[in-house]
Amino acid sequence: MATRANNGRRRTTGRKNVRKKSGMTVKGKIVLTSAFFALGLIGASLAVIYVAQGKGEGYKKKYLAQQTYSSNPIIAKRGDISDRRGVAFAKSVLVYNFVLEPKIILSKEDDYRAPTVKFASEYFGISQDELNKIIDNNPESMYQVIKKEVSYDEKEKFIAAVNEYNKRNTKNEKADTANDIVVGYNFESYYKRTYPLKTVASDVIGFTYSGDMAEWGLEGYYNSKLNGKNGVRYGYFNSNMELEETEVEAKNGLNVVTTIDSDAQKMTEDIIADYQKTEGAENVGIILMNPNNGEIYVMASNKGYDLNNPRDLTGYFSQKEIDAMSDDKKLEELSNIWKNYCTSDIYEPGSTFKPFTVAACLEENVVKKKQQFYCKGYEIVMDRKIRCAKRDGHGMITLSQSLEQSCNVTMMQIVRKLGRKDFARYQDIFGIGSRTGIDFPGETTGLVYNEAQLNPVELATSSFGQGVSVTMIQMAAGFSSLINGGTYYKPHLVKELVDDNGVVVEKKEPVIMKKTVTKDTSEFIQKALYETVEQGTGWRAKSEGYKMAGKTGTAQKLDNINGKLVRSDTNYVISFIGCAPYDNPQVVVYVVVDQPKVKDQTANGIASALAKKVAENVFKVLGIYPEKLRSRHYVFN
């Protein structure tokens, strides 16, 4: 029994051993499965940690295997705007935002925070207290802009100093600083629009806002050409966990080369500024234009502003006045400053319109060049007495003398022969009351009577520029055709568009819109207006060495009296339009002075005097020299 018992026990023990071995296998499987599961979780966690910390490239690849990788867009550079000689009006400069990443800085605070804060404070002028406050308030942030518009040189100095510090020999340092490094920062690049000449040609160039958007000036008109196309760098992980990257390069915007001469523009603006200091006016505008191709050399007014700070009203209002303005009022005043007087404001041209009337009548053969007219000081039209500028009359006067002496009566007599139909037609031919199509935003049309509205009185007054409203660019373009042989060129402010490599992508060739008058009529107008300056009403524009031709204008403004508009006896728009040299015109000069701040606004030939200053000071800059020097120089082109 014992033996069996022992044997049993042995068998039992054997069975127990077998069962024990079999039982451990089941449990082992469970334990082993759980262990593998736990290890898997730990491994996954480690992978995430490794990826988050930028370690373990294998883990990172597996983690990102099915995810697309992409960077920030590659920012395109907005094209520059320059004058005709290459002087920059507007350019885009690469600058940076200095960015802190608090989450990284705090990941090892004892080693990262102190040196990073110290360097950031030292190089960017921000107190360490302020930097620490930003870090403490945004512990999970990876993006805190600390300083904007950091220059390339500033960035490079900071990086160089940081690299030198981080790679230093720490053998002799104490344990608590030996591991200190500067981390958790970044530089975010972008382009800043700058205007090196500040106020020069400000109402021509315009400015950008909200990134690369613009509405005013050439910045606005050529916005789509100036703006490039952003690129992008993107990639993905292939089946071998290798990162494959593709880069689409940014395409920079085109550079705009204007027809403006920055030196001539600046000098003309200085002439206007000097006049504003001595006498002043509500508005002053001056255009210098090439009559032979439509290029604008100068387009200036008294409403300049700093393009780098376009919303600054302090040049026009006291701080007290500005503080009292509503936001809508501020915007209204800013809009008045930003707009271009030469293209956006309308006014009555007065007697500068008379050459158009004479030319139309000559073209239609209703008058002869040597024909004489009698002026008694007024003309009766529909029982209405309409006076001449000379109240006691000019007496017998030739057609040429009617321009020299600015006779209203002669204009009324000859336009009556021309008739309403042809007068309206020639208004259209000369572009009066129509947009010129200049490459500039905000051009207005002006106001004219159409054929049906040209009753006898309206026809009579329109003949000498009363009742007609124009823009400066309309008059300059139309007048250019009168004195260049009869070719109307579309006025333009841009010569060409150029890419980064200096290749001309688009050249703005002269655009002939129409023929206005014959060469014969043009030569008559040239000679008559030369005599107007030499011995007529435009004598104040006579300049040493220049054969200047031109016509003066004095237009009564409309005063609002008890809600009714009446012709003013005190407020005028004074103007002069002319060219030089008269027999081979190279430049048209047009000056408009709106309501000069003098007692007698009609007395001293204000506009003619300003035209003389422009001729004597600015023409040479354009390569248009006095007669004695002309043979030594090439004409500007």
# chains A, B, ... in the order shown; residues from 1 in each chain; ligands from 1
>>> residues_around(residues="Glu364 of chain A", least_positions_apart="5", cutoff="10 Å", atoms="only C-alpha atoms", output="PyMOL selection string")
chain A and resi 359+417-418+422
>>> residues_around(residues="Thr436 of chain A", least_positions_apart="4", cutoff="8 Å", atoms="only C-alpha atoms", output="list in words")
Gly431, Ile473, Gln474, Ala477, Lys490 and Pro491 of chain A
>>> select_by_dssp(residues="segment 49-243 of chain A", states="helix (DSSP H, G or I)", output="PyMOL selection string")
chain A and resi 49-52+57-64+102-106+109-124+128-137+152-166+175-178+202-205+217-221+223-226
>>> write_last_selection(atoms="C-alpha atoms", output="PDB file, in the first residue's frame")
ATOM      1  CA  ILE A  49       7.813  61.234 -26.519  1.00  0.00           C
ATOM      2  CA  TYR A  50      10.705  60.688 -28.906  1.00  0.00           C
ATOM      3  CA  VAL A  51       8.808  62.367 -31.725  1.00  0.00           C
ATOM      4  CA  ALA A  52       7.745  65.256 -29.505  1.00  0.00           C
ATOM      5  CA  GLU A  57      14.236  59.218 -36.247  1.00  0.00           C
ATOM      6  CA  GLY A  58      12.844  55.699 -36.730  1.00  0.00           C
ATOM      7  CA  TYR A  59       9.961  56.328 -34.344  1.00  0.00           C
ATOM      8  CA  LYS A  60       9.346  59.681 -35.946  1.00  0.00           C
ATOM      9  CA  LYS A  61       9.113  58.153 -39.411  1.00  0.00           C
ATOM     10  CA  LYS A  62       6.690  55.451 -38.237  1.00  0.00           C
ATOM     11  CA  TYR A  63       4.584  58.043 -36.452  1.00  0.00           C
ATOM     12  CA  LEU A  64       4.421  60.250 -39.519  1.00  0.00           C
ATOM     13  CA  PRO A 102       7.669  78.957 -23.922  1.00  0.00           C
ATOM     14  CA  LYS A 103       6.794  75.258 -24.026  1.00  0.00           C
ATOM     15  CA  ILE A 104      10.297  74.329 -25.145  1.00  0.00           C
ATOM     16  CA  ILE A 105      11.947  76.812 -22.788  1.00  0.00           C
ATOM     17  CA  LEU A 106      10.069  75.306 -19.822  1.00  0.00           C
ATOM     18  CA  GLU A 109      13.702  75.207 -17.093  1.00  0.00           C
ATOM     19  CA  ASP A 110      16.915  75.070 -15.081  1.00  0.00           C
ATOM     20  CA  ASP A 111      19.020  74.828 -18.218  1.00  0.00           C
ATOM     21  CA  TYR A 112      17.013  76.782 -20.831  1.00  0.00           C
ATOM     22  CA  ARG A 113      15.092  79.636 -19.287  1.00  0.00           C
ATOM     23  CA  ALA A 114      17.720  81.879 -17.744  1.00  0.00           C
ATOM     24  CA  PRO A 115      20.141  82.048 -20.707  1.00  0.00           C
ATOM     25  CA  THR A 116      17.345  82.367 -23.280  1.00  0.00           C
ATOM     26  CA  VAL A 117      15.698  85.229 -21.406  1.00  0.00           C
ATOM     27  CA  LYS A 118      19.076  86.906 -20.870  1.00  0.00           C
ATOM     28  CA  PHE A 119      20.008  86.813 -24.565  1.00  0.00           C
ATOM     29  CA  ALA A 120      16.554  87.901 -25.744  1.00  0.00           C
ATOM     30  CA  SER A 121      16.599  90.840 -23.332  1.00  0.00           C
ATOM     31  CA  GLU A 122      20.112  91.919 -24.247  1.00  0.00           C
ATOM     32  CA  TYR A 123      19.669  91.811 -28.032  1.00  0.00           C
ATOM     33  CA  PHE A 124      16.092  93.020 -28.405  1.00  0.00           C
ATOM     34  CA  GLN A 128      13.805  90.117 -18.419  1.00  0.00           C
ATOM     35  CA  ASP A 129      10.796  90.620 -16.136  1.00  0.00           C
ATOM     36  CA  GLU A 130       8.556  91.161 -19.130  1.00  0.00           C
ATOM     37  CA  LEU A 131       9.959  88.136 -20.940  1.00  0.00           C
ATOM     38  CA  ASN A 132       9.514  85.921 -17.868  1.00  0.00           C
ATOM     39  CA  LYS A 133       5.962  87.135 -17.543  1.00  0.00           C
ATOM     40  CA  ILE A 134       5.222  86.159 -21.148  1.00  0.00           C
ATOM     41  CA  ILE A 135       6.699  82.705 -20.574  1.00  0.00           C
ATOM     42  CA  ASP A 136       4.799  82.148 -17.318  1.00  0.00           C
ATOM     43  CA  ASN A 137       1.501  83.293 -18.799  1.00  0.00           C
ATOM     44  CA  TYR A 152      18.592  90.711 -41.111  1.00  0.00           C
ATOM     45  CA  ASP A 153      21.713  92.075 -39.407  1.00  0.00           C
ATOM     46  CA  GLU A 154      20.026  92.008 -35.996  1.00  0.00           C
ATOM     47  CA  LYS A 155      18.926  88.427 -36.561  1.00  0.00           C
ATOM     48  CA  GLU A 156      22.375  87.283 -37.668  1.00  0.00           C
ATOM     49  CA  LYS A 157      24.102  88.925 -34.702  1.00  0.00           C
ATOM     50  CA  PHE A 158      21.726  87.212 -32.297  1.00  0.00           C
ATOM     51  CA  ILE A 159      22.132  83.785 -33.902  1.00  0.00           C
ATOM     52  CA  ALA A 160      25.910  84.100 -34.012  1.00  0.00           C
ATOM     53  CA  ALA A 161      26.051  85.034 -30.338  1.00  0.00           C
ATOM     54  CA  VAL A 162      23.711  82.191 -29.377  1.00  0.00           C
ATOM     55  CA  ASN A 163      25.703  79.640 -31.375  1.00  0.00           C
ATOM     56  CA  GLU A 164      28.930  80.785 -29.770  1.00  0.00           C
ATOM     57  CA  TYR A 165      27.344  80.487 -26.329  1.00  0.00           C
ATOM     58  CA  ASN A 166      25.782  77.091 -26.955  1.00  0.00           C
ATOM     59  CA  ALA A 175      27.355  72.193 -12.518  1.00  0.00           C
ATOM     60  CA  ASP A 176      24.305  74.459 -12.297  1.00  0.00           C
ATOM     61  CA  THR A 177      25.310  76.399 -15.458  1.00  0.00           C
ATOM     62  CA  ALA A 178      27.328  73.861 -17.433  1.00  0.00           C
ATOM     63  CA  SER A 202       3.093 110.179 -52.410  1.00  0.00           C
ATOM     64  CA  ASP A 203      -0.248 110.778 -54.134  1.00  0.00           C
ATOM     65  CA  VAL A 204       1.113 109.040 -57.238  1.00  0.00           C
ATOM     66  CA  ILE A 205       2.724 106.002 -55.586  1.00  0.00           C
ATOM     67  CA  GLY A 217      -1.968 105.164 -56.434  1.00  0.00           C
ATOM     68  CA  LEU A 218       0.234 102.954 -58.566  1.00  0.00           C
ATOM     69  CA  GLU A 219       0.443 100.501 -55.667  1.00  0.00           C
ATOM     70  CA  GLY A 220      -3.273  99.935 -56.130  1.00  0.00           C
ATOM     71  CA  TYR A 221      -3.485 100.091 -59.920  1.00  0.00           C
ATOM     72  CA  ASN A 223      -1.351  95.563 -57.306  1.00  0.00           C
ATOM     73  CA  SER A 224      -1.734  92.237 -59.118  1.00  0.00           C
ATOM     74  CA  LYS A 225       1.456  92.793 -61.112  1.00  0.00           C
ATOM     75  CA  LEU A 226       3.476  93.842 -58.073  1.00  0.00           C
TER      76      LEU A 226
END
>>> residues_around(residues="segment 610-615 of chain A", least_positions_apart="4", cutoff="7 Å", atoms="only C-alpha atoms", output="ChimeraX atom specification")
/A:268,541-543,589,591,606,619
>>> closest_residue(among="A:Val284, A:Val587, A:Val358, A:Met472", to="Leu403 of chain A", atoms="only C-alpha atoms")
A:Val358
>>> atom_distance(atom1="atom CA of Trp338 of chain A", atom2="atom CA of Pro310 of chain A")
8.1 Å
>>> atom_distance(atom1="atom CA of Thr487 of chain A", atom2="atom CA of Lys515 of chain A")
4.8 Å
